[in-house]
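Following: one structure in structure tokens, then a few remarks.
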Amino acid sequence: MTTSPNDPKAPLELAVPVEQARAAMLEAYSTKTRKKREKQMIVNDPESPPEIGANSRTIPGIITQRGCTYAGCRGVVIGPIHDILHITHGPIGCGFYSWLSRRNLVKPRNDGDTNYLQYCMSTDMQESEIIFGGEKKLAAAIREAYALFKPKAISVYATCPVGLIGDDIHSVCRTASEELGINVFGFSCEGYKGVSQSAGHHIANNGVFKHMIGRDDTPNTHEFSINILGEYNIGGDAWEIDALLAKCGIHVMATLSGDVTYDQITNCHTAQLNAVMCHRSINYMAEMMDVKFGIPWIKVNFIGAESTAKSLRKIAEYFGDERLKARVEAVIAEEMAAIREVREQVHSRCEGKTAALFVGGSRAHHYQDLFSDIGMVTISAGYEFAHRDDYEGRDVLPGIKIDADSRNIEELHVEPDPQRFQPRKSEAELARLQAAGFSFKDYDGMMREMRRRSLVIDDISHHEMEKLIEIYRPDIICSGIKDKFVVEKMGVPCKQLHSYDYAGPYAAFTGAANFYREIDRMVNSKLWKYTSPPWKRSPELAARLTMPPKREKANVDEPKRYARTAAEPAEA
Ligand code: CFM
């Protein structure tokens, strides 16, 4: 366990060169599609990551794993706040599919505490609202919900038809707020607003910042206090992180947004530091809190034992307190010792095995550290909806072109708060930290930490995933429900890194040990070699992407058709 199997400097040597695999993936596409996909499929150079095409529209006809803006806002960033009522203004399907499918777990602290996450509230728009407007129905729904539950706050989410018919949800919310005397606010997060759920994250950050952050100035009396931003308590991850930090003597004011209450959020601007887990979904909030309140932010990663130790040390370094540093070292030593045996055993069975990760906007990066812990190599990875800075590092931010889709999302103009802006560190303290090599806002992106010559693929399609498996047959693929069973039918285990397949937690040290065991069980199971996909047994099910001959008209893209062929012979 000396050198990391994912040491970026070491070039990845694969039986089939990555350029060849990339060409094989691109081959089936029409000229126009190929041109676009080429920019999103990059052979990695960690020292100087090449520019990757990211956060651009998915080409129609390509099977993507992406979600919508509404999902990113209601489902991801705000949904986990469990003591406010979330009302989806739209047809019933949008509400239902945002309900409890993400495993952002909640444990009310005391008997009788409110937990509304079991409820799925929707205005259930019908044709009459689409034609005559849905504002009245929304106002009635807010009143009804208040009468039933008396919540501290109500949050309203617009779905696609709401934007199309022009319901003004914000004025309905303002009126309801005056009438009921509670905080009621809305999000214009119509599904079509952006190219993916990423737009919804930004809209959610803006809304939480405007309507919740800073409403309660109760002084913070904790010696060492931080917020964790971009941690959603999937499978209980946030609880692991909280417990670990508590052991070190560090208090978590609020986790945005995992098992968190409205009151925690309204008071979290009193923390001393923001530690960012998922850069993609919440970097906006970290920046805005820095400008308005003077809270600096750093990037952390509590996924993987080595990364967790590194993140704890970084937080202790920030506070600069010798007692805290000693405590953190003692906790790291104790936790590492507790998982040493399982890590070594699993390492001996998994060393040299390969993984490929295609997930969301940060996990494809973070989970590479867990695989490194047990000697596994990541040969290919990519995000569904991340931006160039999540791939190449924040240095590229000034050079990112703002396109029409991004311009659609409001950029809040934030200024230091005249009363509450208070720099958390003096000039002298900042100089001391900088001299020791400490940096703030320090996200270098995924590519700088991946092996040279690994394949980075943005918004991977099902076709590319199948080619990847055909060519490299990784020992495990980490992805989500949209392709899990396609992957497994091809005889490769697939670990869902969104929902964790009903398992977890995987964060911090105890979580890391859970992950080692799970991966060991999956990659070393003999089951996979007995798996034969249905199309191998029944050749009439085999389908192949075939392109018709080129069309004459230059301005029309070649149509894509799936022609069913009995191409593959039946297995004996
Ligand atoms: Fe951040 Fe997430 Fe992710 Fe994300 Fe998500 Fe998620 Fe994810 Mo699924 S906020 S970007 S929009 S870490 S729901 S908890 S697992 S895609 S990699």
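In the structure tokens, chains take the letters A, B, ... in the order shown, each chain's residues start at 1, and ligands count up from 1 in the order shown.
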Counting only C-alpha atoms and all ligand atoms, name the residues that have an atom within 9 Å of an atom of ligand 1; the answer should be given as a ChimeraX atom specification. /A:66-67,71-73,75-77,102-104,197-198,200-201,230-234,277-282,358-366,383-386,480,496-500
Find the residues around segment 427-429 of chain A up to 10 Å (only C-alpha atoms counted), leave out those fewer than 6 positions away in its own chain, and share them as a PyMOL selection string.
-> chain A and resi 318-320+435
Write out as an mmCIF file with C-alpha atoms, in the first residue's frame the residues lying within 10 Å of Arg343 of chain A, counting only C-alpha atoms and excluding same-chain residues fewer than 3 positions away.
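Written file, out08.cif:
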data_model
loop_
_atom_site.group_PDB
_atom_site.id
_atom_site.type_symbol
_atom_site.label_atom_id
_atom_site.label_comp_id
_atom_site.auth_asym_id
_atom_site.auth_seq_id
_atom_site.Cartn_x
_atom_site.Cartn_y
_atom_site.Cartn_z
ATOM 1 C CA MET A 1 0.000 0.000 0.000
ATOM 2 C CA ALA A 305 -9.623 7.007 4.176
ATOM 3 C CA MET A 336 -7.000 4.196 10.479
ATOM 4 C CA ALA A 337 -6.089 1.432 12.923
ATOM 5 C CA ALA A 338 -9.740 0.403 13.207
ATOM 6 C CA ILE A 339 -10.085 -0.178 9.452
ATOM 7 C CA ARG A 340 -6.543 -1.408 8.735
ATOM 8 C CA VAL A 346 -9.626 -6.250 0.562
ATOM 9 C CA HIS A 347 -6.499 -4.675 -0.951
ATOM 10 C CA SER A 348 -4.923 -8.104 -1.343
ATOM 11 C CA ASP A 373 -7.266 2.901 -0.961
ATOM 12 C CA ILE A 374 -7.717 -0.732 -2.066
ATOM 13 C CA GLY A 375 -5.280 -0.700 -4.978
ATOM 14 C CA ALA A 512 -14.699 3.640 3.655
ATOM 15 C CA ALA A 513 -14.576 0.201 5.272
ATOM 16 C CA ASN A 514 -18.189 -0.387 4.194
ATOM 17 C CA PHE A 515 -17.231 0.485 0.623
ATOM 18 C CA TYR A 516 -14.141 -1.778 0.603
ATOM 19 C CA ARG A 517 -16.269 -4.753 1.688
#
Requested in this report: Excluding Ile130 of chain A and residues on its chain fewer than 5 positions from it, collect all residues at most 8 Å away from it, counting only C-alpha atoms, and give them as a count of residues only.
Outcome: 4
Run DSSP on the backbone and grab whatever in segment 108-212 of chain A lands in strand (DSSP E); send it over as a PyMOL selection string.
-> chain A and resi 121-122+153-158+183-187
**Message:** So that I can see what lies close to Val291 of chain A, please list as a list in words the residues with an atom at most 10 Å from it, counting only C-alpha atoms and leaving out residues fewer than 6 positions away in the same chain.
**Reply:**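 So the residues in contact are Met285, Val414, Glu415, Pro416, Asp417, Phe421, Gln422 and Pro423 of chain A.
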| said: Could you pull out the alpha helix (DSSP H) residues of segment 343-551 of chain A, going by DSSP on the backbone, and write them as a PyMOL selection string? | reply: chain A and resi 343-350+363-373+388-392+404-407+427-435+462-472+481-489+508-523+534-537
Residue selection dump (C-alpha atoms) as a PDB file, in the first residue's frame:
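The file below, again-v5.pdb, is the result:
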ATOM      1  CA  ARG A 343      -8.455  -2.512   4.107  1.00  0.00           C
ATOM      2  CA  GLU A 344      -5.466  -4.831   3.879  1.00  0.00           C
ATOM      3  CA  GLN A 345      -7.577  -7.913   3.272  1.00  0.00           C
ATOM      4  CA  VAL A 346      -9.626  -6.250   0.562  1.00  0.00           C
ATOM      5  CA  HIS A 347      -6.499  -4.675  -0.951  1.00  0.00           C
ATOM      6  CA  SER A 348      -4.923  -8.104  -1.343  1.00  0.00           C
ATOM      7  CA  ARG A 349      -7.960  -9.335  -3.299  1.00  0.00           C
ATOM      8  CA  CYS A 350      -8.607  -6.189  -5.369  1.00  0.00           C
ATOM      9  CA  ARG A 363     -18.595  11.552  -7.229  1.00  0.00           C
ATOM     10  CA  ALA A 364     -16.793  10.357 -10.361  1.00  0.00           C
ATOM     11  CA  HIS A 365     -13.831  12.217  -8.867  1.00  0.00           C
ATOM     12  CA  HIS A 366     -14.246  11.554  -5.145  1.00  0.00           C
ATOM     13  CA  TYR A 367     -14.740   7.798  -5.393  1.00  0.00           C
ATOM     14  CA  GLN A 368     -11.479   7.314  -7.246  1.00  0.00           C
ATOM     15  CA  ASP A 369      -9.856   7.900  -3.857  1.00  0.00           C
ATOM     16  CA  LEU A 370     -11.758   4.980  -2.333  1.00  0.00           C
ATOM     17  CA  PHE A 371     -10.605   2.711  -5.146  1.00  0.00           C
ATOM     18  CA  SER A 372      -7.026   3.926  -4.625  1.00  0.00           C
ATOM     19  CA  ASP A 373      -7.266   2.901  -0.961  1.00  0.00           C
ATOM     20  CA  ARG A 388     -15.096  22.575 -17.108  1.00  0.00           C
ATOM     21  CA  ASP A 389     -13.838  23.726 -13.678  1.00  0.00           C
ATOM     22  CA  ASP A 390     -14.898  20.396 -12.131  1.00  0.00           C
ATOM     23  CA  TYR A 391     -12.783  18.622 -14.738  1.00  0.00           C
ATOM     24  CA  GLU A 392      -9.856  20.970 -15.313  1.00  0.00           C
ATOM     25  CA  ALA A 404     -27.165  31.274 -23.926  1.00  0.00           C
ATOM     26  CA  ASP A 405     -28.123  28.373 -21.657  1.00  0.00           C
ATOM     27  CA  SER A 406     -25.998  29.612 -18.746  1.00  0.00           C
ATOM     28  CA  ARG A 407     -27.138  33.196 -19.276  1.00  0.00           C
ATOM     29  CA  GLU A 427      -4.110  39.589   7.535  1.00  0.00           C
ATOM     30  CA  ALA A 428      -1.325  38.114   9.709  1.00  0.00           C
ATOM     31  CA  GLU A 429      -3.151  34.800  10.060  1.00  0.00           C
ATOM     32  CA  LEU A 430      -3.763  34.640   6.323  1.00  0.00           C
ATOM     33  CA  ALA A 431      -0.078  35.320   5.654  1.00  0.00           C
ATOM     34  CA  ARG A 432       0.907  32.536   8.062  1.00  0.00           C
ATOM     35  CA  LEU A 433      -1.436  30.089   6.335  1.00  0.00           C
ATOM     36  CA  GLN A 434      -0.261  31.054   2.877  1.00  0.00           C
ATOM     37  CA  ALA A 435       3.386  30.705   3.913  1.00  0.00           C
ATOM     38  CA  HIS A 462     -25.346   4.162 -23.518  1.00  0.00           C
ATOM     39  CA  HIS A 463     -23.638   3.397 -26.821  1.00  0.00           C
ATOM     40  CA  GLU A 464     -20.267   4.652 -25.531  1.00  0.00           C
ATOM     41  CA  MET A 465     -20.711   2.758 -22.268  1.00  0.00           C
ATOM     42  CA  GLU A 466     -21.334  -0.478 -24.181  1.00  0.00           C
ATOM     43  CA  LYS A 467     -18.230   0.091 -26.325  1.00  0.00           C
ATOM     44  CA  LEU A 468     -16.174   0.799 -23.215  1.00  0.00           C
ATOM     45  CA  ILE A 469     -17.286  -2.492 -21.685  1.00  0.00           C
ATOM     46  CA  GLU A 470     -16.728  -4.397 -24.911  1.00  0.00           C
ATOM     47  CA  ILE A 471     -13.170  -3.072 -25.229  1.00  0.00           C
ATOM     48  CA  TYR A 472     -11.927  -2.886 -21.633  1.00  0.00           C
ATOM     49  CA  ILE A 481     -30.077   3.330 -12.239  1.00  0.00           C
ATOM     50  CA  LYS A 482     -30.400   4.408 -15.868  1.00  0.00           C
ATOM     51  CA  ASP A 483     -27.694   2.033 -16.995  1.00  0.00           C
ATOM     52  CA  LYS A 484     -27.094  -0.306 -14.066  1.00  0.00           C
ATOM     53  CA  PHE A 485     -28.943  -3.249 -15.515  1.00  0.00           C
ATOM     54  CA  VAL A 486     -27.620  -2.776 -19.039  1.00  0.00           C
ATOM     55  CA  VAL A 487     -24.113  -2.947 -17.580  1.00  0.00           C
ATOM     56  CA  GLU A 488     -24.890  -5.967 -15.413  1.00  0.00           C
ATOM     57  CA  LYS A 489     -26.507  -7.843 -18.306  1.00  0.00           C
ATOM     58  CA  ALA A 508     -15.247   8.981   6.442  1.00  0.00           C
ATOM     59  CA  PHE A 509     -13.380   5.972   7.867  1.00  0.00           C
ATOM     60  CA  THR A 510     -16.226   3.654   8.846  1.00  0.00           C
ATOM     61  CA  GLY A 511     -17.906   4.421   5.538  1.00  0.00           C
ATOM     62  CA  ALA A 512     -14.699   3.640   3.655  1.00  0.00           C
ATOM     63  CA  ALA A 513     -14.576   0.201   5.272  1.00  0.00           C
ATOM     64  CA  ASN A 514     -18.189  -0.387   4.194  1.00  0.00           C
ATOM     65  CA  PHE A 515     -17.231   0.485   0.623  1.00  0.00           C
ATOM     66  CA  TYR A 516     -14.141  -1.778   0.603  1.00  0.00           C
ATOM     67  CA  ARG A 517     -16.269  -4.753   1.688  1.00  0.00           C
ATOM     68  CA  GLU A 518     -18.948  -3.980  -0.858  1.00  0.00           C
ATOM     69  CA  ILE A 519     -16.528  -3.640  -3.771  1.00  0.00           C
ATOM     70  CA  ASP A 520     -14.684  -6.791  -2.724  1.00  0.00           C
ATOM     71  CA  ARG A 521     -17.968  -8.697  -2.720  1.00  0.00           C
ATOM     72  CA  MET A 522     -18.912  -7.340  -6.137  1.00  0.00           C
ATOM     73  CA  VAL A 523     -15.660  -7.637  -8.102  1.00  0.00           C
ATOM     74  CA  PRO A 534     -30.614 -11.792 -23.514  1.00  0.00           C
ATOM     75  CA  TRP A 535     -29.477 -10.777 -26.988  1.00  0.00           C
ATOM     76  CA  LYS A 536     -26.778 -13.442 -26.931  1.00  0.00           C
ATOM     77  CA  ARG A 537     -29.360 -16.128 -26.210  1.00  0.00           C
TER      78      ARG A 537
END
* So what do you get for atom CA of Met288 of chain A versus atom CA of Leu412 of chain A, distance-wise? ->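 Interatomic distance, atom CA of Met288 of chain A to atom CA of Leu412 of chain A: 8.5 Å.
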Next on the checklist: Can you tell me which residues surround Ser128 of chain A at a distance of at most 12 Å, considering only C-alpha atoms, apart from same-chain residues fewer than 4 positions away, and format the answer as JSON, numbers by chain?
Outcome noted: {"A": [91, 124, 132, 133, 134, 135, 136, 137, 165]}
> Between A:Gly236, A:Gly249, A:Gly61, A:Pro80, which is the closest to Glu223 of chain A once you count only C-alpha atoms?
Replying inline: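 Smallest separation from Glu223 of chain A among the options: A:Gly249.
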10 Å contact set for Val172 of chain A, only C-alpha atoms, chain neighbours under 5 positions out, as a PDB file with N, CA and C atoms, in the first residue's frame:
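And here's part27.pdb as it stands now:
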ATOM      1  N   GLU A 135     -52.385  29.861 -10.720  1.00  0.00           N
ATOM      2  CA  GLU A 135     -52.007  30.622  -9.517  1.00  0.00           C
ATOM      3  C   GLU A 135     -52.992  30.419  -8.366  1.00  0.00           C
ATOM      4  N   LYS A 136     -54.296  30.392  -8.720  1.00  0.00           N
ATOM      5  CA  LYS A 136     -55.304  30.224  -7.653  1.00  0.00           C
ATOM      6  C   LYS A 136     -55.140  28.869  -6.973  1.00  0.00           C
ATOM      7  N   LEU A 138     -52.454  27.150  -6.755  1.00  0.00           N
ATOM      8  CA  LEU A 138     -51.238  27.173  -5.935  1.00  0.00           C
ATOM      9  C   LEU A 138     -51.506  27.881  -4.603  1.00  0.00           C
ATOM     10  N   ALA A 139     -52.175  29.032  -4.666  1.00  0.00           N
ATOM     11  CA  ALA A 139     -52.470  29.777  -3.427  1.00  0.00           C
ATOM     12  C   ALA A 139     -53.301  28.907  -2.478  1.00  0.00           C
ATOM     13  N   ALA A 140     -54.269  28.177  -3.062  1.00  0.00           N
ATOM     14  CA  ALA A 140     -55.119  27.312  -2.226  1.00  0.00           C
ATOM     15  C   ALA A 140     -54.298  26.172  -1.635  1.00  0.00           C
ATOM     16  N   ILE A 142     -51.111  26.183  -0.874  1.00  0.00           N
ATOM     17  CA  ILE A 142     -50.261  26.695   0.211  1.00  0.00           C
ATOM     18  C   ILE A 142     -51.096  26.849   1.488  1.00  0.00           C
ATOM     19  N   VAL A 156     -41.856  26.579  -2.823  1.00  0.00           N
ATOM     20  CA  VAL A 156     -42.650  26.200  -4.003  1.00  0.00           C
ATOM     21  C   VAL A 156     -41.735  26.044  -5.208  1.00  0.00           C
ATOM     22  N   ASP A 167     -47.425  31.408 -14.932  1.00  0.00           N
ATOM     23  CA  ASP A 167     -47.867  31.621 -13.540  1.00  0.00           C
ATOM     24  C   ASP A 167     -46.781  32.376 -12.782  1.00  0.00           C
ATOM     25  N   SER A 177     -47.096  34.577   2.181  1.00  0.00           N
ATOM     26  CA  SER A 177     -46.210  34.868   3.298  1.00  0.00           C
ATOM     27  C   SER A 177     -46.847  35.946   4.199  1.00  0.00           C
ATOM     28  N   VAL A 184     -42.482  32.104   2.972  1.00  0.00           N
ATOM     29  CA  VAL A 184     -42.910  31.310   1.808  1.00  0.00           C
ATOM     30  C   VAL A 184     -42.159  31.840   0.594  1.00  0.00           C
ATOM     31  N   PHE A 185     -41.473  30.985  -0.108  1.00  0.00           N
ATOM     32  CA  PHE A 185     -40.669  31.454  -1.246  1.00  0.00           C
ATOM     33  C   PHE A 185     -40.705  30.433  -2.374  1.00  0.00           C
ATOM     34  N   GLY A 186     -40.431  30.935  -3.587  1.00  0.00           N
ATOM     35  CA  GLY A 186     -40.566  30.059  -4.755  1.00  0.00           C
ATOM     36  C   GLY A 186     -39.297  29.977  -5.571  1.00  0.00           C
TER      37      GLY A 186
END
